[in-house]
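Everything below concerns the one structure shown next.
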Amino acid sequence: MTLPLGVQETFKPSFHMMDFFKKRPKPLDRNGSVSRPPLDLKAPIRQVRYAVIDTELTGLNERKDSIVSLGALHLIEGRIDLGYSFYRLLKPRTALRSDGILIHEITPSEVAEEPEIDQVLRDFLSFCDHCVLVGHCLSIDLNFINMEVKRLLGAHLTNPALDTLMLYRWLRTRWPLEACFAAAPESLDLYGIARGFGISAVGAHNAVMDAFITAQLFQQFLSWLEKTGIKDLEELLRVGDPIKGGDPFQIPLDLANL
């Protein structure tokens, strides 16, 4: 979920959208195998499999709003897999409102015949299986996704997670004089930060395109994180986990000299 700054130019995603509509008893990997063992916290950060995700919502109130679109991409060994993406328009469980339509440009007529999230959620979880989730202001997306996971499956997501906003803030304390960090936009929204790294915000507020923008940003962060001394997944989660992490401006004691 990316917080809106206004209406952005319309762009239709050009990725090859994979169709996953088979019912599965539990999340499976890309090859149809049963979920694998827990992720290795000591794995080098470039060897981790990431699922960069985004949602579009009818609004930000969890009691009154719901998901209208899901998008996700894989980032594997530091490379974005454009040939294997996930994108779904959904018939939301709550009404679309005019203020939301102005942001994501998804209209009631576009989603009237689309499946509800009940039919899509397992496919999304399968796409994200055995991945670290990455997103911008990710706690918003996770709250809405977990609400549906709990409602439909009586569980919650167990994937480790990273928020690119938290990572940006943490890196900025380490590299305050670098141009890409020094000229920080006031709002710290995804598109303003991305432009500072030379990433185009074309297609903003489309779930899979926002995931693509976030993936490009995170891809650049990996290099800066390595320069800062972050070597493995465990260290990375300590500075970027939106759930377990603390104040993103707070420096972990044992990483203070990196």
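By convention here, the chains of the structure tokens are called A, B, ... in the order presented, each chain's residues are numbered starting at 1, and ligands are numbered starting at 1 in the order presented.
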Considering only C-alpha atoms, return as an MDAnalysis selection string whatever protein or nucleic-acid residues lie within 7 Å of range 65-77 of chain A, sequence-local ones (same chain, fewer than 6 positions apart) excluded.
chainID A and resid 46:59 85:94 144 207:208 211:212
What does the file look like for those residues with C-alpha atoms, as a PDB file, in the first residue's frame?
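Output file part38.pdb is given in full below:
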ATOM      1  CA  ARG A  46      21.274 -11.371  -1.922  1.00  0.00           C
ATOM      2  CA  GLN A  47      20.560 -15.085  -1.696  1.00  0.00           C
ATOM      3  CA  VAL A  48      17.184 -14.641  -0.002  1.00  0.00           C
ATOM      4  CA  ARG A  49      13.994 -15.038  -2.011  1.00  0.00           C
ATOM      5  CA  TYR A  50      11.783 -11.949  -1.658  1.00  0.00           C
ATOM      6  CA  ALA A  51       8.152 -11.370  -2.626  1.00  0.00           C
ATOM      7  CA  VAL A  52       7.581  -7.648  -3.133  1.00  0.00           C
ATOM      8  CA  ILE A  53       3.875  -6.978  -2.587  1.00  0.00           C
ATOM      9  CA  ASP A  54       1.316  -4.200  -2.775  1.00  0.00           C
ATOM     10  CA  THR A  55      -2.421  -3.835  -2.276  1.00  0.00           C
ATOM     11  CA  GLU A  56      -4.981  -1.319  -3.462  1.00  0.00           C
ATOM     12  CA  LEU A  57      -7.779  -0.736  -0.981  1.00  0.00           C
ATOM     13  CA  THR A  58     -11.226   0.802  -0.834  1.00  0.00           C
ATOM     14  CA  GLY A  59      -9.859   2.894   2.066  1.00  0.00           C
ATOM     15  CA  SER A  85       4.270 -11.977 -11.445  1.00  0.00           C
ATOM     16  CA  PHE A  86       1.004 -11.956  -9.558  1.00  0.00           C
ATOM     17  CA  TYR A  87      -1.789  -9.471 -10.247  1.00  0.00           C
ATOM     18  CA  ARG A  88      -5.469  -9.695  -9.369  1.00  0.00           C
ATOM     19  CA  LEU A  89      -8.359  -7.326  -9.476  1.00  0.00           C
ATOM     20  CA  LEU A  90     -10.881  -8.314  -6.820  1.00  0.00           C
ATOM     21  CA  LYS A  91     -14.521  -7.681  -6.167  1.00  0.00           C
ATOM     22  CA  PRO A  92     -14.124  -5.948  -2.793  1.00  0.00           C
ATOM     23  CA  ARG A  93     -16.155  -6.968   0.229  1.00  0.00           C
ATOM     24  CA  THR A  94     -16.925  -3.301   0.892  1.00  0.00           C
ATOM     25  CA  PHE A 144      -5.556  -6.044   5.547  1.00  0.00           C
ATOM     26  CA  ALA A 207      -0.757  -2.867  -7.313  1.00  0.00           C
ATOM     27  CA  VAL A 208       1.703  -4.739  -9.534  1.00  0.00           C
ATOM     28  CA  ALA A 211       5.294  -3.609  -6.394  1.00  0.00           C
ATOM     29  CA  PHE A 212       7.662  -3.112  -9.352  1.00  0.00           C
TER      30      PHE A 212
END
Can you list, as a PyMOL selection string, every protein, DNA or RNA residue that comes within 12 Å of range 184-189 of chain A when you count only C-alpha atoms, leaving out same-chain residues fewer than 2 positions away?
chain A and resi 1-6+135-137+164-169+171-173+175-182+191-197+201+204-205+210+213-214
Go ahead and save the residues from that selection, with N, CA and C atoms, as a short mmCIF file (atom, residue, chain, number, x, y, z; two decimals), in the first residue's frame.
data_model
loop_
_atom_site.label_atom_id
_atom_site.label_comp_id
_atom_site.auth_asym_id
_atom_site.auth_seq_id
_atom_site.Cartn_x
_atom_site.Cartn_y
_atom_site.Cartn_z
N MET A 1 0.85 -1.18 0.00
CA MET A 1 0.00 0.00 0.00
C MET A 1 0.88 1.23 0.00
N THR A 2 0.67 2.15 -0.95
CA THR A 2 1.42 3.38 -1.01
C THR A 2 0.49 4.53 -0.69
N LEU A 3 0.88 5.38 0.22
CA LEU A 3 0.01 6.47 0.63
C LEU A 3 -0.11 7.50 -0.47
N PRO A 4 -1.34 7.92 -0.82
CA PRO A 4 -1.58 8.77 -1.98
C PRO A 4 -1.09 10.20 -1.81
N LEU A 5 -0.54 10.76 -2.90
CA LEU A 5 -0.21 12.17 -2.95
C LEU A 5 -1.09 12.88 -3.98
N GLY A 6 -1.88 12.16 -4.71
CA GLY A 6 -2.72 12.73 -5.74
C GLY A 6 -2.87 11.75 -6.86
N GLY A 135 7.58 -4.48 1.21
CA GLY A 135 6.61 -3.50 0.76
C GLY A 135 6.91 -2.15 1.37
N HIS A 136 6.25 -1.11 0.86
CA HIS A 136 6.42 0.25 1.37
C HIS A 136 5.23 0.58 2.25
N CYS A 137 5.49 1.03 3.47
CA CYS A 137 4.44 1.16 4.49
C CYS A 137 3.72 -0.18 4.61
N THR A 164 10.32 -1.01 3.18
CA THR A 164 11.33 -0.18 2.51
C THR A 164 11.39 1.22 3.11
N LEU A 165 10.30 1.70 3.71
CA LEU A 165 10.36 3.00 4.38
C LEU A 165 11.28 2.94 5.59
N MET A 166 11.17 1.87 6.38
CA MET A 166 12.05 1.71 7.54
C MET A 166 13.50 1.57 7.10
N LEU A 167 13.73 0.80 6.03
CA LEU A 167 15.09 0.64 5.53
C LEU A 167 15.65 1.96 5.04
N TYR A 168 14.82 2.73 4.35
CA TYR A 168 15.28 4.04 3.85
C TYR A 168 15.69 4.94 5.01
N ARG A 169 14.84 5.00 6.03
CA ARG A 169 15.14 5.85 7.18
C ARG A 169 16.43 5.41 7.88
N LEU A 171 18.96 3.66 6.53
CA LEU A 171 20.11 3.93 5.67
C LEU A 171 20.45 5.42 5.63
N ARG A 172 19.43 6.25 5.73
CA ARG A 172 19.67 7.69 5.68
C ARG A 172 20.48 8.17 6.88
N THR A 173 20.35 7.49 8.02
CA THR A 173 21.18 7.85 9.18
C THR A 173 22.64 7.47 8.96
N TRP A 175 24.08 7.31 5.69
CA TRP A 175 24.62 7.97 4.50
C TRP A 175 23.94 9.33 4.30
N PRO A 176 23.99 10.21 5.30
CA PRO A 176 23.22 11.46 5.23
C PRO A 176 23.68 12.42 4.14
N LEU A 177 24.92 12.29 3.67
CA LEU A 177 25.44 13.21 2.67
C LEU A 177 25.27 12.71 1.24
N GLU A 178 24.88 11.45 1.08
CA GLU A 178 24.65 10.92 -0.27
C GLU A 178 23.40 11.57 -0.86
N ALA A 179 23.47 11.95 -2.13
CA ALA A 179 22.39 12.71 -2.75
C ALA A 179 21.04 12.00 -2.66
N CYS A 180 21.03 10.67 -2.83
CA CYS A 180 19.77 9.94 -2.85
C CYS A 180 19.10 9.91 -1.48
N PHE A 181 19.88 10.16 -0.41
CA PHE A 181 19.33 10.21 0.94
C PHE A 181 19.20 11.64 1.46
N ALA A 182 20.09 12.53 1.04
CA ALA A 182 20.11 13.89 1.56
C ALA A 182 18.88 14.68 1.12
N TYR A 191 6.87 7.11 -4.16
CA TYR A 191 7.22 7.72 -5.43
C TYR A 191 8.27 8.81 -5.28
N GLY A 192 8.19 9.60 -4.20
CA GLY A 192 9.20 10.62 -3.96
C GLY A 192 10.56 10.01 -3.69
N ILE A 193 10.60 8.96 -2.87
CA ILE A 193 11.86 8.29 -2.58
C ILE A 193 12.42 7.64 -3.85
N ALA A 194 11.55 6.98 -4.61
CA ALA A 194 11.99 6.31 -5.84
C ALA A 194 12.61 7.29 -6.82
N ARG A 195 12.00 8.46 -6.97
CA ARG A 195 12.56 9.45 -7.90
C ARG A 195 13.96 9.88 -7.48
N GLY A 196 14.21 9.92 -6.15
CA GLY A 196 15.55 10.26 -5.67
C GLY A 196 16.60 9.25 -6.08
N PHE A 197 16.16 8.02 -6.42
CA PHE A 197 17.07 6.97 -6.87
C PHE A 197 16.99 6.76 -8.38
N ALA A 201 8.09 6.68 -11.59
CA ALA A 201 6.86 6.32 -10.88
C ALA A 201 5.69 6.13 -11.85
N ALA A 204 1.82 4.51 -11.17
CA ALA A 204 1.58 4.58 -9.73
C ALA A 204 0.14 4.25 -9.38
N HIS A 205 -0.03 3.61 -8.22
CA HIS A 205 -1.32 3.20 -7.66
C HIS A 205 -1.97 2.06 -8.45
N ASP A 210 3.18 -0.73 -8.51
CA ASP A 210 3.76 -0.24 -7.26
C ASP A 210 4.71 -1.28 -6.67
N ILE A 213 7.91 -0.78 -8.64
CA ILE A 213 8.66 0.38 -8.16
C ILE A 213 9.36 0.05 -6.85
N THR A 214 8.63 -0.60 -5.95
CA THR A 214 9.21 -0.98 -4.65
C THR A 214 10.36 -1.96 -4.82
#
Measuring atom to atom with only C-alpha atoms, identify which of A:Cys131, A:Leu138, A:Leu125, A:Ala183 is nearest to Ala155 in chain A.
A:Leu125
Could you find all residues in range 18-228 of chain A that DSSP calls strand (DSSP E) from the backbone, and write them as number ranges by chain?
A: 49-57, 67-76, 79-89, 132-135, 161-163
Output file for the selection above: N, CA and C atoms, as a CSV table (one decimal), in the first residue's frame:
chain,number,residue,atom,x,y,z
A,49,ARG,N,15.1,-15.2,-1.1
A,49,ARG,CA,14.0,-15.0,-2.0
A,49,ARG,C,13.0,-14.1,-1.4
A,50,TYR,N,12.7,-13.0,-2.1
A,50,TYR,CA,11.8,-11.9,-1.7
A,50,TYR,C,10.5,-11.9,-2.5
A,51,ALA,N,9.4,-11.7,-1.9
A,51,ALA,CA,8.2,-11.4,-2.6
A,51,ALA,C,7.8,-9.9,-2.3
A,52,VAL,N,7.9,-9.1,-3.3
A,52,VAL,CA,7.6,-7.6,-3.1
A,52,VAL,C,6.1,-7.5,-3.4
A,53,ILE,N,5.3,-7.0,-2.5
A,53,ILE,CA,3.9,-7.0,-2.6
A,53,ILE,C,3.3,-5.6,-2.5
A,54,ASP,N,2.1,-5.4,-3.0
A,54,ASP,CA,1.3,-4.2,-2.8
A,54,ASP,C,-0.2,-4.5,-2.9
A,55,THR,N,-1.0,-3.7,-2.2
A,55,THR,CA,-2.4,-3.8,-2.3
A,55,THR,C,-3.0,-2.5,-2.7
A,56,GLU,N,-4.1,-2.5,-3.3
A,56,GLU,CA,-5.0,-1.3,-3.5
A,56,GLU,C,-6.2,-1.6,-2.7
A,57,LEU,N,-6.7,-0.6,-2.0
A,57,LEU,CA,-7.8,-0.7,-1.0
A,57,LEU,C,-8.9,0.2,-1.3
A,67,ILE,N,-9.7,-5.1,0.4
A,67,ILE,CA,-8.7,-5.1,-0.7
A,67,ILE,C,-9.5,-5.2,-2.0
A,68,VAL,N,-9.0,-4.4,-3.0
A,68,VAL,CA,-9.6,-4.4,-4.3
A,68,VAL,C,-8.6,-4.9,-5.4
A,69,SER,N,-7.3,-4.9,-5.0
A,69,SER,CA,-6.3,-5.4,-5.9
A,69,SER,C,-5.1,-5.9,-5.2
A,70,LEU,N,-4.5,-7.0,-5.7
A,70,LEU,CA,-3.2,-7.5,-5.1
A,70,LEU,C,-2.2,-7.6,-6.2
A,71,GLY,N,-1.0,-7.2,-5.9
A,71,GLY,CA,0.1,-7.4,-6.8
A,71,GLY,C,1.4,-7.8,-6.2
A,72,ALA,N,2.2,-8.6,-6.8
A,72,ALA,CA,3.4,-9.1,-6.2
A,72,ALA,C,4.4,-9.5,-7.3
A,73,LEU,N,5.7,-9.4,-7.0
A,73,LEU,CA,6.8,-9.8,-7.8
A,73,LEU,C,7.8,-10.5,-7.0
A,74,HIS,N,8.6,-11.4,-7.6
A,74,HIS,CA,9.7,-12.0,-6.9
A,74,HIS,C,11.0,-11.3,-7.2
A,75,LEU,N,11.9,-11.2,-6.2
A,75,LEU,CA,13.2,-10.7,-6.4
A,75,LEU,C,14.1,-11.9,-5.9
A,76,ILE,N,14.9,-12.4,-6.8
A,76,ILE,CA,15.7,-13.6,-6.5
A,76,ILE,C,17.1,-13.3,-6.9
A,79,ARG,N,17.7,-10.0,-8.5
A,79,ARG,CA,17.1,-9.7,-9.8
A,79,ARG,C,15.6,-9.9,-9.7
A,80,ILE,N,14.9,-8.9,-10.3
A,80,ILE,CA,13.4,-9.0,-10.4
A,80,ILE,C,13.0,-9.9,-11.5
A,81,ASP,N,12.1,-10.9,-11.1
A,81,ASP,CA,11.6,-11.8,-12.1
A,81,ASP,C,10.4,-11.3,-12.7
A,82,LEU,N,10.5,-10.6,-13.9
A,82,LEU,CA,9.4,-10.0,-14.6
A,82,LEU,C,8.5,-11.1,-15.3
A,83,GLY,N,9.0,-12.3,-15.4
A,83,GLY,CA,8.3,-13.3,-16.2
A,83,GLY,C,7.3,-14.1,-15.3
A,84,TYR,N,7.3,-13.8,-14.0
A,84,TYR,CA,6.5,-14.6,-13.1
A,84,TYR,C,6.0,-13.6,-12.0
A,85,SER,N,4.8,-13.0,-12.3
A,85,SER,CA,4.3,-12.0,-11.4
A,85,SER,C,2.9,-12.4,-11.0
A,86,PHE,N,2.4,-11.7,-10.1
A,86,PHE,CA,1.0,-12.0,-9.6
A,86,PHE,C,0.2,-10.6,-9.6
A,87,TYR,N,-0.9,-10.7,-10.2
A,87,TYR,CA,-1.8,-9.5,-10.2
A,87,TYR,C,-3.2,-9.9,-10.3
A,88,ARG,N,-4.0,-9.4,-9.4
A,88,ARG,CA,-5.5,-9.7,-9.4
A,88,ARG,C,-6.3,-8.5,-9.0
A,89,LEU,N,-7.3,-8.2,-9.9
A,89,LEU,CA,-8.4,-7.3,-9.5
A,89,LEU,C,-9.4,-8.2,-8.7
A,132,VAL,N,10.6,-13.8,1.9
A,132,VAL,CA,10.5,-12.6,2.8
A,132,VAL,C,9.6,-11.6,2.1
A,133,LEU,N,8.6,-11.1,2.7
A,133,LEU,CA,7.7,-10.1,2.1
A,133,LEU,C,8.4,-8.7,2.2
A,134,VAL,N,8.2,-7.9,1.1
A,134,VAL,CA,8.8,-6.6,1.1
A,134,VAL,C,7.7,-5.6,0.6
A,135,GLY,N,7.6,-4.5,1.2
A,135,GLY,CA,6.6,-3.5,0.8
A,135,GLY,C,6.9,-2.1,1.4
A,161,ALA,N,9.2,-10.1,7.2
A,161,ALA,CA,8.7,-8.9,6.5
A,161,ALA,C,9.7,-7.8,6.6
A,162,LEU,N,9.8,-7.0,5.5
A,162,LEU,CA,10.7,-5.8,5.5
A,162,LEU,C,9.9,-4.6,4.9
A,163,ASP,N,10.1,-3.5,5.5
A,163,ASP,CA,9.4,-2.3,5.1
A,163,ASP,C,10.5,-1.4,4.4
Looking only at the backbone, which of the residues in range 188-230 of chain A does DSSP tag as helix (DSSP H, G or I), as an MDAnalysis selection string?
chainID A and resid 190:196 207:228
For the atom pair CA of Leu39 in chain A and CA of Asp129 in chain A, what is the interatomic distance in Å to one decimal place?
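So the two atoms, CA of Leu39 in chain A and CA of Asp129 in chain A, lie 10.5 Å apart.
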For Asn206 in chain A, the closest of A:Ala95, A:Ile140, A:Ile106, A:Leu60 counting only C-alpha atoms is A:Ile106
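Here CA of Leu222 in chain A stands at a distance of 24.0 Å from CA of Leu157 in chain A.
Note that CA of Val239 in chain A and CA of Leu225 in chain A are 10.1 Å apart.
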